[in-house]
Amino acid sequence: MTATTPTSGARDLASGHVPGITLRHVTKSFGATEVLTDVCATLTPGRIYGLLGANGTGKTTLLACIAGHTFASGGEIRIDGRDPREHAPTLSRLCFVREDQAYNDAFTVADILAVMPAFYPDWDIETATRLVRRFRLPWRTRSKKLSRGQRSALAIVLALASGAAYTFLDEPYLGLDPTARGIFYDELLAAYAASHDRADDPRPGRVAAPAPRTFVMSTHLIDEAADLMEEVLVLDRGEIVLQADVDDARRTAFVARGLDAEVKALGVGRELLSSRRLGGITSATIRGELSAQDRRRADEARVSIEPASLQELVAAIGLHGGTDQLAPHSVGSTHGEPLAQTHSLAAESESDQ
Amino acid sequence: MIAYARRSLRLYLANRNYVLGVPVLTLGLMVVISILNAVIIGIGTGFPLSAQVQDGFRSNSGVIWAIPGFLVSVGVLAATRNFAMALAFGSTRRHFWLGTMAGFVATATVTGAAAMLLLGMERLTNHWFIGAHALDVAVLGDGNIATTFAVVFVLVLLSTTAGAMFGMVYRAYGPKATTFLVIGCLLLVFVAVAIGMWQRDAVGPMLAQWGAWAGVIVGSGLVVVTSAGSYAACRLATV
Amino acid sequence: MSDQPDQSDQPDQPDWTDGRPIFMDLADRIAADIIAGLIPEETQVPSTNELAAHYRINPATAGKALNRLVDQGIVYKRRGLGMFVATGAPDALRAARREAFADQFVRPFVQEGRRIGLTIEEIVALVTKERA
């Protein structure tokens, strides 16, 4: 079990400091707009995290605050126990290429890659070269001429080859086709595994093994990459509303589908995240766990229970006001037929055996 | 401190053609244009140019106008684009600023050296064989190597740091503040020139006494102001 | 199972969509390979990283799957070498599966038969016919 073992690298940090990223009541406003209202989270080093949430919930802003690209309006941010602001030894272990990363127009891909070893002593030129080849990135093209997909590919090359202890991937697969996304998944896992191997194998004479790398992947396209994540953080309305192991997160909600009245009965006292109706049939995403008895009752009432996919769960949280209880009359009215959900009708009928 | 700052210097120098080659090329082009200009004049008056025409040529201030345009844009792009890159790659703001300043000094040094070299060639070839003056001119100290270097060096540094200040203010305070700053700077220049004109009886002899060094001293003072301004804005700039 | 992560873009991806935690599915899949003799007794099981790369899943998930098999005594750890299939593991797995057979297959099978109007006798007749 490599992934959860604390390593010597983490222990050797300044005494009394918590390794990883700690966020306490982080807030961020742009003028009158409050993007982050109260973000609290702890990220243990050496894991792949998914930072999930609908578009515009402040995922990039949160990462920008942590990496010091912008200034949090309030709260406390610590990386390995340190305030990262203007702290070179801490910041130099970070890599955060933004989804809309600005590059100097005069620089070609080759120019940018040639500079990277100066920023990252652990820059992995082999990985970089291999990735440029696999993504078919043009070396001699100026950064401003790159397509959306090529920009994403370049960001992935920079992030993975950097060797940075804390690597933030911001919507990493925008514009990438399935083949390129596959390459990204393979290479992310390879970079992650390699960092764990190095951390687990301190060479003789080496004082401290490097800590295994921490990846934070922000995305609103969830299901495809969900299997790569160890833990997910769901951001909604400026707060982390859910931080959990991927499997546990999936277990926090279910989709019940059946006759309207029966679904309502099952949902009483539970939090309704979203619901859709098709004639007399209601399909509701409901937060909460089901006992064996509940399941039997559902079965008898011909209500099918499916685990909610992570994508559904996050989408439902995004559409959801926050604290509604499922009152018997509320199904299909308060949250009925939301805009963003039309596409999932097809998926729904597929899952209907 | 130096090790971290060197990263942003490397970033600045990522494309050397752009930050070192183009300024030198600009100087070269300015020389070529001056020569062509001299050829056109010479077609009318005969070659080499008469002493009188050459004297007029000494007030050629092509250098002063050729250099800043491009270099201000270099400074702006360094402060906006390179800044975004350096922060993405884990730089602090002060190390970025320091490294980028070192980059500006590198551009200024190389351009100043190129100016000295071209001046040397100009004088060795008896002003490009036809009496064309591009660098052996009054604003650069009438053929004085040291003055030529100093004027070009300070001019490059002033252009890039001013550009960086505008870029950093843009990053820190947004487009509106930047527009006000640019307009304010232009107004200040206008006022300074106006005062100079108004008090030309007082300023004139002073300029004559100091010659091109007056420009160097004033320019250096302005470099201090623009550098300090870019540093202050840099500390508040965001991506 | 134990082959290197392939360079093609389609991983050997099992269908995770039934909603069980991925690590359970993965553990079942490794167990199935052990029963089928694809990973014989006392041979090495793919490492967490190999499994992670092959199935494009988080190594921690792969680790959980292996730990589940360790807990069941199917696989054991050799220090510094990796995970190995325990002697007798295929038999043990088969026995466990026999026990689960009624729950997992027979009951839903009978239920479905009844739902579509078959009697127990008719269902048994169908099973007997399968012997041929």
# chains A, B, ... in the order shown; residues from 1 in each chain; ligands from 1

$ interface_residues --of "chain C" --to "chain A" --cutoff "8 Å" --atoms "only C-alpha atoms" --output "ChimeraX atom specification"
/C:9-10,19,21-22,48-49,52-53,56-61,63-64

$ write_last_selection --atoms "N, CA and C atoms" --output "short mmCIF file (atom, residue, chain, number, x, y, z; two decimals), in the first residue's frame"
data_model
loop_
_atom_site.label_atom_id
_atom_site.label_comp_id
_atom_site.auth_asym_id
_atom_site.auth_seq_id
_atom_site.Cartn_x
_atom_site.Cartn_y
_atom_site.Cartn_z
N ASP C 9 -4.73 2.90 -26.33
CA ASP C 9 -5.46 3.88 -25.56
C ASP C 9 -6.68 3.30 -24.86
N GLN C 10 -6.99 2.07 -25.14
CA GLN C 10 -8.12 1.45 -24.46
C GLN C 10 -7.60 0.50 -23.39
N GLY C 19 -21.97 -0.07 -9.62
CA GLY C 19 -22.11 0.73 -8.42
C GLY C 19 -21.38 0.20 -7.21
N PRO C 21 -18.12 -0.58 -4.97
CA PRO C 21 -16.81 0.09 -4.97
C PRO C 21 -15.87 -0.62 -5.94
N ILE C 22 -15.07 0.18 -6.61
CA ILE C 22 -14.19 -0.36 -7.65
C ILE C 22 -13.25 -1.42 -7.08
N THR C 48 0.46 -3.03 -7.00
CA THR C 48 -0.57 -1.98 -7.02
C THR C 48 -0.34 -1.04 -8.21
N ASN C 49 0.92 -0.68 -8.45
CA ASN C 49 1.18 0.24 -9.55
C ASN C 49 0.86 -0.38 -10.91
N ALA C 52 -2.84 -0.43 -11.16
CA ALA C 52 -3.35 0.93 -11.35
C ALA C 52 -3.16 1.37 -12.79
N ALA C 53 -1.95 1.12 -13.32
CA ALA C 53 -1.67 1.54 -14.70
C ALA C 53 -2.55 0.77 -15.67
N ARG C 56 -6.20 1.85 -15.17
CA ARG C 56 -6.38 3.30 -15.06
C ARG C 56 -7.19 3.65 -13.83
N ILE C 57 -6.72 3.20 -12.69
CA ILE C 57 -7.37 3.53 -11.43
C ILE C 57 -6.31 4.03 -10.46
N ASN C 58 -6.75 4.64 -9.39
CA ASN C 58 -5.82 5.12 -8.38
C ASN C 58 -5.11 3.95 -7.71
N PRO C 59 -3.81 4.06 -7.49
CA PRO C 59 -3.07 2.97 -6.84
C PRO C 59 -3.65 2.61 -5.47
N ALA C 60 -4.21 3.58 -4.77
CA ALA C 60 -4.79 3.27 -3.46
C ALA C 60 -5.97 2.31 -3.62
N THR C 61 -6.73 2.48 -4.69
CA THR C 61 -7.85 1.58 -4.96
C THR C 61 -7.33 0.18 -5.24
N GLY C 63 -4.56 -0.98 -4.22
CA GLY C 63 -4.05 -1.47 -2.94
C GLY C 63 -5.16 -2.05 -2.07
N LYS C 64 -6.30 -1.37 -2.09
CA LYS C 64 -7.44 -1.86 -1.30
C LYS C 64 -7.90 -3.23 -1.80
#

$ closest_atom_pairs --of "chain B" --to "chain A" --cutoff "9 Å" --atoms "only C-alpha atoms" --output "tab-separated table"
residue	atom	partner	partner_atom	distance
B:Met1	CA	A:Ala88	CA	8.7
B:Tyr4	CA	A:Ala88	CA	7.3
B:Arg6	CA	A:Ala118	CA	7.9
B:Arg7	CA	A:Ala118	CA	5.4
B:Ser8	CA	A:Phe119	CA	8.3
B:Arg10	CA	A:Val115	CA	6.3
B:Leu11	CA	A:Val115	CA	5.9
B:Leu13	CA	A:Val115	CA	8.8
B:Ala14	CA	A:Asp111	CA	5.5
B:Asn15	CA	A:Phe107	CA	6.1
B:Tyr18	CA	A:Ala106	CA	7.0
B:Leu77	CA	A:Asn104	CA	6.7
B:Ala78	CA	A:Asn104	CA	7.5
B:Thr80	CA	A:Ala102	CA	8.2
B:Arg81	CA	A:Asn104	CA	4.9
B:Asn82	CA	A:Asn104	CA	5.9
B:Phe83	CA	A:Ala102	CA	8.9
B:Ala84	CA	A:Ala102	CA	6.0
B:Met85	CA	A:Tyr103	CA	6.2
B:Ala86	CA	A:Phe119	CA	8.5
B:Leu87	CA	A:His69	CA	6.4
B:Ala88	CA	A:Phe96	CA	4.8
B:Phe89	CA	A:Cys95	CA	5.1
B:Gly90	CA	A:Ser92	CA	4.4
B:Ser91	CA	A:Ser92	CA	6.0
B:Thr92	CA	A:Glu86	CA	4.9
B:Arg93	CA	A:Glu86	CA	6.6
B:Arg94	CA	A:Glu86	CA	7.5
B:His95	CA	A:Ala88	CA	8.2
B:Leu236	CA	A:Phe71	CA	8.6
B:Ala237	CA	A:Thr70	CA	7.7
B:Thr238	CA	A:Thr70	CA	4.8
B:Val239	CA	A:His69	CA	5.3

$ select_by_dssp --residues "stretch 10-66 of chain A" --states "strand (DSSP E)" --output "list in words"
Ile21, Thr22, Leu23, Arg24, His25, Val26, Thr27, Lys28, Ser29, Phe30, Thr33, Glu34, Val35, Leu36, Thr37, Asp38, Val39, Cys40, Ala41, Thr42, Leu43, Ile48, Tyr49, Gly50, Leu51 and Leu52 of chain A

$ select_by_dssp --residues "stretch 40-84 of chain B" --states "helix (DSSP H, G or I)" --output "VMD selection string"
chain B and resid 40 to 45 51 to 57 62 to 84

$ write_last_selection --atoms "C-alpha atoms" --output "compact mmCIF listing (two decimals), in the first residue's frame"
# COMPACT_ATOMS: atom_id res chain seq x y z
CA ILE B 40 19.29 60.37 -50.95
CA ILE B 41 20.68 63.67 -49.69
CA GLY B 42 24.01 62.91 -51.37
CA ILE B 43 22.36 62.32 -54.77
CA GLY B 44 21.45 66.00 -54.65
CA THR B 45 24.62 67.42 -53.07
CA ALA B 51 30.77 69.37 -43.78
CA GLN B 52 27.70 71.52 -43.45
CA VAL B 53 25.27 68.68 -44.20
CA GLN B 54 27.20 66.37 -41.89
CA ASP B 55 26.89 68.91 -39.12
CA GLY B 56 23.12 68.81 -39.56
CA PHE B 57 23.33 65.04 -39.48
CA GLY B 62 17.05 58.20 -34.67
CA VAL B 63 18.40 56.06 -31.82
CA ILE B 64 16.23 57.81 -29.27
CA TRP B 65 13.10 57.10 -31.32
CA ALA B 66 14.00 53.67 -32.65
CA ILE B 67 14.70 51.91 -29.37
CA PRO B 68 11.84 52.53 -26.92
CA GLY B 69 8.79 51.27 -28.86
CA PHE B 70 9.79 47.63 -29.01
CA LEU B 71 11.46 47.61 -25.59
CA VAL B 72 8.44 49.04 -23.81
CA SER B 73 6.50 46.09 -25.23
CA VAL B 74 9.23 43.73 -24.01
CA GLY B 75 8.79 45.19 -20.53
CA VAL B 76 5.01 44.96 -20.66
CA LEU B 77 5.04 41.34 -21.83
CA ALA B 78 7.61 40.38 -19.20
CA ALA B 79 5.42 41.87 -16.50
CA THR B 80 2.23 40.23 -17.71
CA ARG B 81 3.07 37.00 -19.53
CA ASN B 82 6.38 36.04 -17.95
CA PHE B 83 4.89 36.93 -14.58
CA ALA B 84 2.03 34.49 -15.14

$ closest_residue --among "A:Leu169, A:Leu52, A:Leu221, A:Ala284" --to "A:Ala249" --atoms "only C-alpha atoms"
A:Leu52

$ residues_around --residues "B:Trp213" --least-positions-apart "5" --cutoff "8 Å" --atoms "only C-alpha atoms" --output "list in words"
Gly141, Thr147 and Val151 of chain B

$ write_last_selection --atoms "N, CA and C atoms" --output "PDB file, in the first residue's frame"
ATOM      1  N   GLY B 141      26.635  61.804 -27.423  1.00  0.00           N
ATOM      2  CA  GLY B 141      27.918  62.314 -26.942  1.00  0.00           C
ATOM      3  C   GLY B 141      28.938  62.548 -28.039  1.00  0.00           C
ATOM      4  N   THR B 147      29.942  57.588 -23.486  1.00  0.00           N
ATOM      5  CA  THR B 147      28.651  58.271 -23.451  1.00  0.00           C
ATOM      6  C   THR B 147      27.620  57.512 -24.279  1.00  0.00           C
ATOM      7  N   VAL B 151      24.160  56.251 -22.694  1.00  0.00           N
ATOM      8  CA  VAL B 151      22.850  56.741 -23.142  1.00  0.00           C
ATOM      9  C   VAL B 151      21.976  55.577 -23.602  1.00  0.00           C
TER      10      VAL B 151
END

$ atom_distance --atom1 "atom CA of A:Arg24" --atom2 "atom CA of A:Gln311"
26.6 Å

$ residues_around --residues "A:Pro212" --least-positions-apart "5" --cutoff "7 Å" --atoms "only C-alpha atoms" --output "PyMOL selection string"
chain A and resi 46+165+195-196+199

$ residues_around --residues "C:Ala27" --least-positions-apart "4" --cutoff "9 Å" --atoms "only C-alpha atoms" --output "count of residues only"
11

$ residues_around --residues "B:Phe153" --least-positions-apart "5" --cutoff "12 Å" --atoms "only C-alpha atoms" --output "VMD selection string"
chain B and resid 23 63 to 64 67 to 68 71 104 to 116 140 146 to 148 158 to 160 215 to 217 219 to 220 223

$ write_last_selection --atoms "N, CA and C atoms" --output "tab-separated table (two decimals), in the first residue's frame"
chain	number	residue	atom	x	y	z
B	23	PRO	N	16.54	44.01	-30.33
B	23	PRO	CA	17.03	45.36	-30.04
B	23	PRO	C	18.29	45.71	-30.83
B	63	VAL	N	18.25	57.05	-32.90
B	63	VAL	CA	18.40	56.06	-31.82
B	63	VAL	C	17.33	56.26	-30.76
B	64	ILE	N	17.16	57.51	-30.36
B	64	ILE	CA	16.23	57.81	-29.27
B	64	ILE	C	14.82	57.38	-29.64
B	67	ILE	N	14.59	52.93	-30.42
B	67	ILE	CA	14.70	51.91	-29.37
B	67	ILE	C	13.44	51.71	-28.51
B	68	PRO	N	12.83	52.74	-27.97
B	68	PRO	CA	11.84	52.53	-26.92
B	68	PRO	C	10.62	51.70	-27.32
B	71	LEU	N	11.02	48.00	-26.93
B	71	LEU	CA	11.46	47.61	-25.59
B	71	LEU	C	10.40	47.86	-24.52
B	104	PHE	N	16.46	42.74	-17.92
B	104	PHE	CA	16.46	44.07	-18.56
B	104	PHE	C	17.88	44.61	-18.64
B	105	VAL	N	18.64	44.41	-17.56
B	105	VAL	CA	20.03	44.88	-17.56
B	105	VAL	C	20.82	44.16	-18.66
B	106	ALA	N	20.51	42.85	-18.85
B	106	ALA	CA	21.19	42.10	-19.91
B	106	ALA	C	20.87	42.70	-21.27
B	107	THR	N	19.60	42.98	-21.52
B	107	THR	CA	19.22	43.59	-22.80
B	107	THR	C	19.91	44.94	-22.97
B	108	ALA	N	19.92	45.74	-21.89
B	108	ALA	CA	20.53	47.07	-21.96
B	108	ALA	C	22.03	46.96	-22.24
B	109	THR	N	22.69	45.99	-21.59
B	109	THR	CA	24.13	45.83	-21.77
B	109	THR	C	24.45	45.43	-23.20
B	110	VAL	N	23.71	44.44	-23.71
B	110	VAL	CA	23.97	43.95	-25.06
B	110	VAL	C	23.69	45.05	-26.08
B	111	THR	N	22.58	45.77	-25.90
B	111	THR	CA	22.25	46.83	-26.85
B	111	THR	C	23.28	47.95	-26.78
B	112	GLY	N	23.71	48.30	-25.56
B	112	GLY	CA	24.74	49.33	-25.38
B	112	GLY	C	26.03	48.91	-26.05
B	113	ALA	N	26.40	47.63	-25.89
B	113	ALA	CA	27.63	47.13	-26.50
B	113	ALA	C	27.52	47.18	-28.02
B	114	ALA	N	26.34	46.82	-28.53
B	114	ALA	CA	26.13	46.86	-29.98
B	114	ALA	C	26.27	48.29	-30.49
B	115	ALA	N	25.76	49.24	-29.70
B	115	ALA	CA	25.86	50.65	-30.10
B	115	ALA	C	27.32	51.08	-30.16
B	116	MET	N	28.12	50.64	-29.15
B	116	MET	CA	29.55	50.97	-29.15
B	116	MET	C	30.23	50.39	-30.39
B	140	LEU	N	24.22	61.13	-28.42
B	140	LEU	CA	25.00	60.03	-27.86
B	140	LEU	C	26.39	60.49	-27.46
B	146	ALA	N	32.02	55.92	-24.33
B	146	ALA	CA	31.42	55.73	-23.01
B	146	ALA	C	30.04	56.37	-22.95
B	147	THR	N	29.94	57.59	-23.49
B	147	THR	CA	28.65	58.27	-23.45
B	147	THR	C	27.62	57.51	-24.28
B	148	THR	N	28.05	57.04	-25.44
B	148	THR	CA	27.14	56.29	-26.30
B	148	THR	C	26.57	55.09	-25.55
B	158	LEU	N	15.29	52.26	-19.20
B	158	LEU	CA	14.11	53.08	-18.93
B	158	LEU	C	12.89	52.54	-19.68
B	159	SER	N	13.10	52.15	-20.94
B	159	SER	CA	11.98	51.64	-21.74
B	159	SER	C	11.42	50.35	-21.14
B	160	THR	N	12.32	49.41	-20.81
B	160	THR	CA	11.84	48.12	-20.31
B	160	THR	C	11.22	48.26	-18.92
B	215	GLY	N	21.12	63.67	-20.23
B	215	GLY	CA	20.11	62.64	-20.50
B	215	GLY	C	20.33	61.41	-19.65
B	216	VAL	N	21.62	61.01	-19.49
B	216	VAL	CA	21.93	59.81	-18.70
B	216	VAL	C	21.49	60.00	-17.25
B	217	ILE	N	21.79	61.18	-16.72
B	217	ILE	CA	21.46	61.41	-15.30
B	217	ILE	C	19.95	61.45	-15.08
B	219	GLY	N	17.69	60.21	-17.07
B	219	GLY	CA	17.18	58.86	-17.38
B	219	GLY	C	17.37	57.91	-16.22
B	220	SER	N	18.56	57.96	-15.59
B	220	SER	CA	18.83	57.06	-14.47
B	220	SER	C	17.85	57.32	-13.33
B	223	VAL	N	14.70	55.74	-14.21
B	223	VAL	CA	14.78	54.28	-14.08
B	223	VAL	C	14.52	53.87	-12.63

$ atom_distance --atom1 "atom CA of B:Phe180" --atom2 "atom CA of B:Gly221"
21.7 Å

$ residues_around --residues "A:Ser283" --least-positions-apart "3" --cutoff "8 Å" --atoms "only C-alpha atoms" --output "PyMOL selection string"
chain A and resi 255-258+263+275-277

$ atom_distance --atom1 "atom CA of C:Gly80" --atom2 "atom CA of C:Asp28"
24.9 Å

$ decode --residues "stretch 180-199 of chain B" --atoms "C-alpha atoms" --output "PDB file, in the first residue's frame"
ATOM      1  CA  PHE B 180      -4.547  56.643 -16.089  1.00  0.00           C
ATOM      2  CA  LEU B 181      -0.917  55.885 -15.367  1.00  0.00           C
ATOM      3  CA  VAL B 182       0.065  56.001 -19.043  1.00  0.00           C
ATOM      4  CA  ILE B 183      -1.811  59.262 -19.565  1.00  0.00           C
ATOM      5  CA  GLY B 184      -0.265  60.661 -16.391  1.00  0.00           C
ATOM      6  CA  CYS B 185       3.245  59.741 -17.531  1.00  0.00           C
ATOM      7  CA  LEU B 186       2.694  61.324 -20.947  1.00  0.00           C
ATOM      8  CA  LEU B 187       1.402  64.495 -19.250  1.00  0.00           C
ATOM      9  CA  LEU B 188       4.477  64.613 -17.006  1.00  0.00           C
ATOM     10  CA  VAL B 189       6.774  64.311 -20.019  1.00  0.00           C
ATOM     11  CA  PHE B 190       4.823  67.061 -21.748  1.00  0.00           C
ATOM     12  CA  VAL B 191       5.026  69.327 -18.697  1.00  0.00           C
ATOM     13  CA  ALA B 192       8.759  68.660 -18.338  1.00  0.00           C
ATOM     14  CA  VAL B 193       9.390  69.527 -22.001  1.00  0.00           C
ATOM     15  CA  ALA B 194       7.177  72.607 -21.710  1.00  0.00           C
ATOM     16  CA  ILE B 195       9.056  73.851 -18.660  1.00  0.00           C
ATOM     17  CA  GLY B 196      12.335  73.197 -20.441  1.00  0.00           C
ATOM     18  CA  MET B 197      11.166  75.277 -23.380  1.00  0.00           C
ATOM     19  CA  TRP B 198       9.820  78.037 -21.185  1.00  0.00           C
ATOM     20  CA  GLN B 199      13.017  78.219 -19.139  1.00  0.00           C
TER      21      GLN B 199
END
